[in-house]
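Novice: Questions regarding the structure given below will be posed in turn.
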Amino acid sequence: MAAALTIATVDPSDASVILLVITVNTVVGVVQEVRVEEAVAALSAMNAPSARVVRDGEERSVAASEVVPGDLVLVAEGDVVPADADVLAAASLPADESSLTGESASVEKAPDGDGTRGTVSAGTVIVRGHGRVDVTATGADSALGRIAALMGAAPGPAPLQHRLAKFGRTLATVTVTLCAIVLTLGLVRGQPVELMIVAAISLAAVPESLPAVVTLALALGARRMADRHAVVRRLPAVETPGSVTVIATDETGTLAEGRMAAEQLWTASVGEALVAGTGYAPDGRTVRNGETVPPSEAPDLTAGPGRPDAPGSP
């Protein structure tokens, strides 16, 4: 709009600057999103799973996207299940269903003995063993596909976009009001119409460079996140993590990684102590009263009532 008004008032220099800013802003945004789409497509191609199917009595390897209902699929340790399927045969066949249910514990899969069959779902991973499954649903008809369909709606505006839109509306209201007042006062005093229109436009406190500055800042943020192996598909999403105040998540296997470790302990002999360390790593220290306890003096958690090494045991 600003470019159109400056062109209408025969001010090519200002129009050129405004159009240049718009062009830079558009080019930077488009280039960034094209690069991200290419990176996502390359990652998808690298991670495209395959499946071993039996067709016409012969075993062959096909892309998971080519599996159809009725196919007999052979699954083994480390395989990604290509589709929803009934389990026909299994030999110690637990599946990791965390991608579907969020639960970190694997679920044993086997044909049921009451006339029904155990099932496996697309996107789950076979933890160990091997088996044969009969495909029943693929793509959007699978359980994972139905979940993906729920997330298929276009994302809403990011928090930064909300704030910029609110700021833009406020700034536009103030600017238009100010320009109208100046234009009216000038005309009342008998000033030329063209002069007052140019004066009113010059008072428009609209920062044409703001979109370009925001886009460049987000592009730099996206590049820094890419250096840390995080691919940002939409530039406004770069600022979104900074607006997060509450995270609601399932703890099981997501935050704890399926591992637990004691952080605080108490015994009758030494009292309370804190334990530093992560998971099953063979390192850490015991702290009591703000001081590190030597390993030789650390509490013996293996001792207990009824054990030969427990205090007071016979």
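Chains: A, B, ... in order of the structure tokens. Residues: from 1 per chain. Ligands: from 1, in order shown.
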Would you kindly return, as a list of chain:residue names, each protein, DNA or RNA residue with an atom no farther than 9 Å from any atom of range 140-156 of chain A, considering only C-alpha atoms and excluding same-chain residues fewer than 6 positions away?

Specialist: A:Ala83, A:Asp84, A:Ser99, A:Leu100, A:Ser121, A:Ala122, A:Gly123

Novice: Give me the residues within 12 Å of Pro294 in chain A as a PyMOL selection string, counting only C-alpha atoms and dropping any in the same chain fewer than 5 places off.

Specialist: chain A and resi 284-288+299

Novice: Give me a file of those residues, with N, CA and C atoms, as a PDB file, in the first residue's frame.

Specialist:
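Output below, filename again-v1.pdb:
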```
ATOM      1  N   GLY A 284      29.519 -41.078  39.608  1.00  0.00           N
ATOM      2  CA  GLY A 284      28.634 -40.302  40.467  1.00  0.00           C
ATOM      3  C   GLY A 284      29.287 -40.121  41.824  1.00  0.00           C
ATOM      4  N   ARG A 285      28.550 -39.549  42.762  1.00  0.00           N
ATOM      5  CA  ARG A 285      29.101 -39.337  44.098  1.00  0.00           C
ATOM      6  C   ARG A 285      27.967 -39.238  45.105  1.00  0.00           C
ATOM      7  N   THR A 286      28.302 -39.482  46.343  1.00  0.00           N
ATOM      8  CA  THR A 286      27.348 -39.391  47.441  1.00  0.00           C
ATOM      9  C   THR A 286      27.692 -38.165  48.280  1.00  0.00           C
ATOM     10  N   VAL A 287      26.714 -37.316  48.533  1.00  0.00           N
ATOM     11  CA  VAL A 287      26.931 -36.068  49.267  1.00  0.00           C
ATOM     12  C   VAL A 287      26.151 -36.126  50.573  1.00  0.00           C
ATOM     13  N   ARG A 288      26.841 -35.839  51.689  1.00  0.00           N
ATOM     14  CA  ARG A 288      26.204 -35.824  52.999  1.00  0.00           C
ATOM     15  C   ARG A 288      26.651 -34.576  53.740  1.00  0.00           C
ATOM     16  N   PRO A 299      26.959 -45.322  51.966  1.00  0.00           N
ATOM     17  CA  PRO A 299      26.014 -46.287  52.535  1.00  0.00           C
ATOM     18  C   PRO A 299      25.907 -47.535  51.676  1.00  0.00           C
TER      19      PRO A 299
END
```

Novice: What does the structure give for the distance between CA of Val193 in chain A and CA of Thr173 in chain A, in Å to one decimal?

Specialist: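 CA of Thr173 in chain A lies 22.4 Å from CA of Val193 in chain A.
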
Novice: If you measure from CA of Arg52 in chain A to CA of Leu72 in chain A, what distance in Å do you get, rounded to one decimal?

Specialist: 8.5 Å

Novice: Which value, in Å to one decimal, gives the distance between CA of Val31 in chain A and CA of Pro241 in chain A?

Specialist: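 That distance, rounded to one decimal, is 22.5 Å.
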
Novice: Please extract the residues of range 45-291 of chain A with a backbone DSSP assignment of helix (DSSP H, G or I) and present them as JSON, numbers by chain.

Specialist: {"A": [45, 46, 64, 65, 66, 98, 99, 100, 101, 139, 140, 141, 143, 144, 145, 146, 147, 148, 149, 150, 159, 160, 161, 162, 163, 164, 165, 166, 167, 168, 169, 170, 171, 172, 173, 174, 175, 176, 177, 178, 179, 180, 181, 182, 183, 184, 185, 186, 187, 188, 193, 194, 195, 196, 197, 198, 199, 200, 201, 202, 210, 211, 212, 213, 214, 215, 216, 217, 218, 219, 220, 221, 222, 223, 224, 225, 226, 227, 235, 236, 237, 238, 240, 241, 242, 243]}

Novice: Run DSSP on the backbone and tell me which residues of range 72-251 of chain A come out as strand (DSSP E); list them as a PyMOL selection string.

Specialist: chain A and resi 72-76+84-91+93-96+107-109+119-120+125-126+130-137

Novice: Deliver the residues from the most recent selection as a file, using N, CA, C and O atoms, as a compact mmCIF listing (two decimals), in the first residue's frame.

Specialist:
```txt
# COMPACT_ATOMS: atom_id res chain seq x y z
N LEU A 72 1.47 -60.76 2.94
CA LEU A 72 2.08 -61.49 4.05
C LEU A 72 3.46 -60.89 4.27
O LEU A 72 4.32 -60.95 3.37
N VAL A 73 3.67 -60.28 5.43
CA VAL A 73 4.92 -59.57 5.71
C VAL A 73 5.71 -60.32 6.76
O VAL A 73 5.16 -60.78 7.77
N LEU A 74 7.01 -60.44 6.53
CA LEU A 74 7.92 -61.05 7.49
C LEU A 74 8.58 -59.94 8.29
O LEU A 74 9.15 -59.00 7.72
N VAL A 75 8.50 -60.02 9.60
CA VAL A 75 9.09 -59.00 10.47
C VAL A 75 10.11 -59.66 11.39
O VAL A 75 9.96 -60.83 11.76
N ALA A 76 11.13 -58.89 11.71
CA ALA A 76 12.20 -59.38 12.59
C ALA A 76 12.75 -58.22 13.40
O ALA A 76 12.33 -57.07 13.24
N ASP A 84 -0.80 -51.78 9.60
CA ASP A 84 -1.54 -52.55 10.61
C ASP A 84 -1.71 -53.98 10.10
O ASP A 84 -2.02 -54.20 8.92
N ALA A 85 -1.53 -54.95 10.99
CA ALA A 85 -1.56 -56.34 10.54
C ALA A 85 -1.93 -57.27 11.68
O ALA A 85 -1.74 -56.93 12.86
N ASP A 86 -2.45 -58.44 11.32
CA ASP A 86 -2.72 -59.51 12.27
C ASP A 86 -1.50 -60.41 12.35
O ASP A 86 -0.87 -60.71 11.33
N VAL A 87 -1.17 -60.85 13.56
CA VAL A 87 -0.02 -61.72 13.76
C VAL A 87 -0.44 -63.16 13.48
O VAL A 87 -1.34 -63.69 14.13
N LEU A 88 0.22 -63.78 12.50
CA LEU A 88 -0.07 -65.18 12.16
C LEU A 88 0.85 -66.12 12.91
O LEU A 88 0.42 -67.20 13.34
N ALA A 89 2.11 -65.74 13.05
CA ALA A 89 3.09 -66.57 13.75
C ALA A 89 4.12 -65.66 14.38
O ALA A 89 4.47 -64.61 13.81
N ALA A 90 4.60 -66.04 15.55
CA ALA A 90 5.57 -65.20 16.25
C ALA A 90 6.46 -66.05 17.11
O ALA A 90 6.02 -67.04 17.70
N ALA A 91 7.72 -65.65 17.18
CA ALA A 91 8.69 -66.29 18.07
C ALA A 91 9.34 -65.19 18.88
O ALA A 91 10.22 -64.49 18.39
N LEU A 93 8.16 -62.08 20.06
CA LEU A 93 7.98 -60.93 19.18
C LEU A 93 7.43 -59.72 19.95
O LEU A 93 6.28 -59.34 19.76
N PRO A 94 8.22 -59.08 20.81
CA PRO A 94 7.76 -57.83 21.44
C PRO A 94 7.93 -56.66 20.48
O PRO A 94 8.87 -56.61 19.69
N ALA A 95 7.01 -55.70 20.56
CA ALA A 95 7.05 -54.52 19.69
C ALA A 95 7.08 -53.26 20.54
O ALA A 95 6.41 -53.16 21.57
N ASP A 96 7.88 -52.31 20.10
CA ASP A 96 7.95 -50.99 20.75
C ASP A 96 6.86 -50.12 20.14
O ASP A 96 6.94 -49.71 18.99
N VAL A 107 5.56 -54.40 24.01
CA VAL A 107 4.37 -55.24 24.16
C VAL A 107 4.58 -56.53 23.39
O VAL A 107 4.89 -56.50 22.19
N GLU A 108 4.42 -57.66 24.07
CA GLU A 108 4.60 -58.96 23.42
C GLU A 108 3.46 -59.20 22.42
O GLU A 108 2.29 -58.97 22.72
N LYS A 109 3.83 -59.67 21.23
CA LYS A 109 2.86 -59.95 20.19
C LYS A 109 2.87 -61.44 19.87
O LYS A 109 3.93 -62.05 19.70
N THR A 119 -2.36 -58.28 17.12
CA THR A 119 -2.16 -57.30 16.05
C THR A 119 -0.91 -56.47 16.29
O THR A 119 -0.48 -56.29 17.43
N VAL A 120 -0.34 -55.97 15.19
CA VAL A 120 0.74 -54.99 15.25
C VAL A 120 0.29 -53.78 14.46
O VAL A 120 -0.55 -53.88 13.56
N VAL A 125 8.01 -50.68 16.19
CA VAL A 125 9.30 -51.31 15.89
C VAL A 125 9.39 -52.66 16.60
O VAL A 125 9.07 -52.75 17.80
N ILE A 126 9.84 -53.66 15.88
CA ILE A 126 10.02 -54.99 16.47
C ILE A 126 11.30 -54.98 17.30
O ILE A 126 12.38 -54.65 16.79
N HIS A 130 11.11 -62.79 15.66
CA HIS A 130 10.65 -62.69 14.26
C HIS A 130 9.23 -63.23 14.20
O HIS A 130 8.74 -63.91 15.12
N GLY A 131 8.55 -62.92 13.10
CA GLY A 131 7.18 -63.39 12.95
C GLY A 131 6.64 -63.13 11.57
O GLY A 131 7.32 -62.56 10.70
N ARG A 132 5.41 -63.57 11.34
CA ARG A 132 4.71 -63.36 10.07
C ARG A 132 3.38 -62.68 10.37
O ARG A 132 2.66 -63.10 11.28
N VAL A 133 3.07 -61.63 9.63
CA VAL A 133 1.85 -60.87 9.87
C VAL A 133 1.08 -60.70 8.56
O VAL A 133 1.67 -60.66 7.47
N ASP A 134 -0.23 -60.59 8.69
CA ASP A 134 -1.12 -60.41 7.54
C ASP A 134 -1.63 -58.97 7.55
O ASP A 134 -2.32 -58.55 8.50
N VAL A 135 -1.32 -58.20 6.52
CA VAL A 135 -1.65 -56.77 6.47
C VAL A 135 -3.16 -56.58 6.36
O VAL A 135 -3.82 -57.21 5.53
N THR A 136 -3.70 -55.70 7.22
CA THR A 136 -5.13 -55.42 7.22
C THR A 136 -5.45 -53.97 6.85
O THR A 136 -6.54 -53.69 6.35
N ALA A 137 -4.55 -53.03 7.10
CA ALA A 137 -4.81 -51.62 6.80
C ALA A 137 -3.49 -50.91 6.55
O ALA A 137 -2.48 -51.19 7.20
```

Novice: Find the residues near Ser61 in chain A: any atom within 7 Å, counting only C-alpha atoms, skip ones fewer than 2 places away on the same chain, and give them as a compact mmCIF listing (two decimals) with C-alpha atoms, in the first residue's frame.

Specialist:
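Done, and the output landed in out_23.txt:
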```
# COMPACT_ATOMS: atom_id res chain seq x y z
CA SER A 50 11.26 -51.20 3.43
CA ALA A 51 9.36 -54.42 4.07
CA ARG A 52 9.87 -58.10 3.30
CA VAL A 53 6.71 -59.53 1.78
```
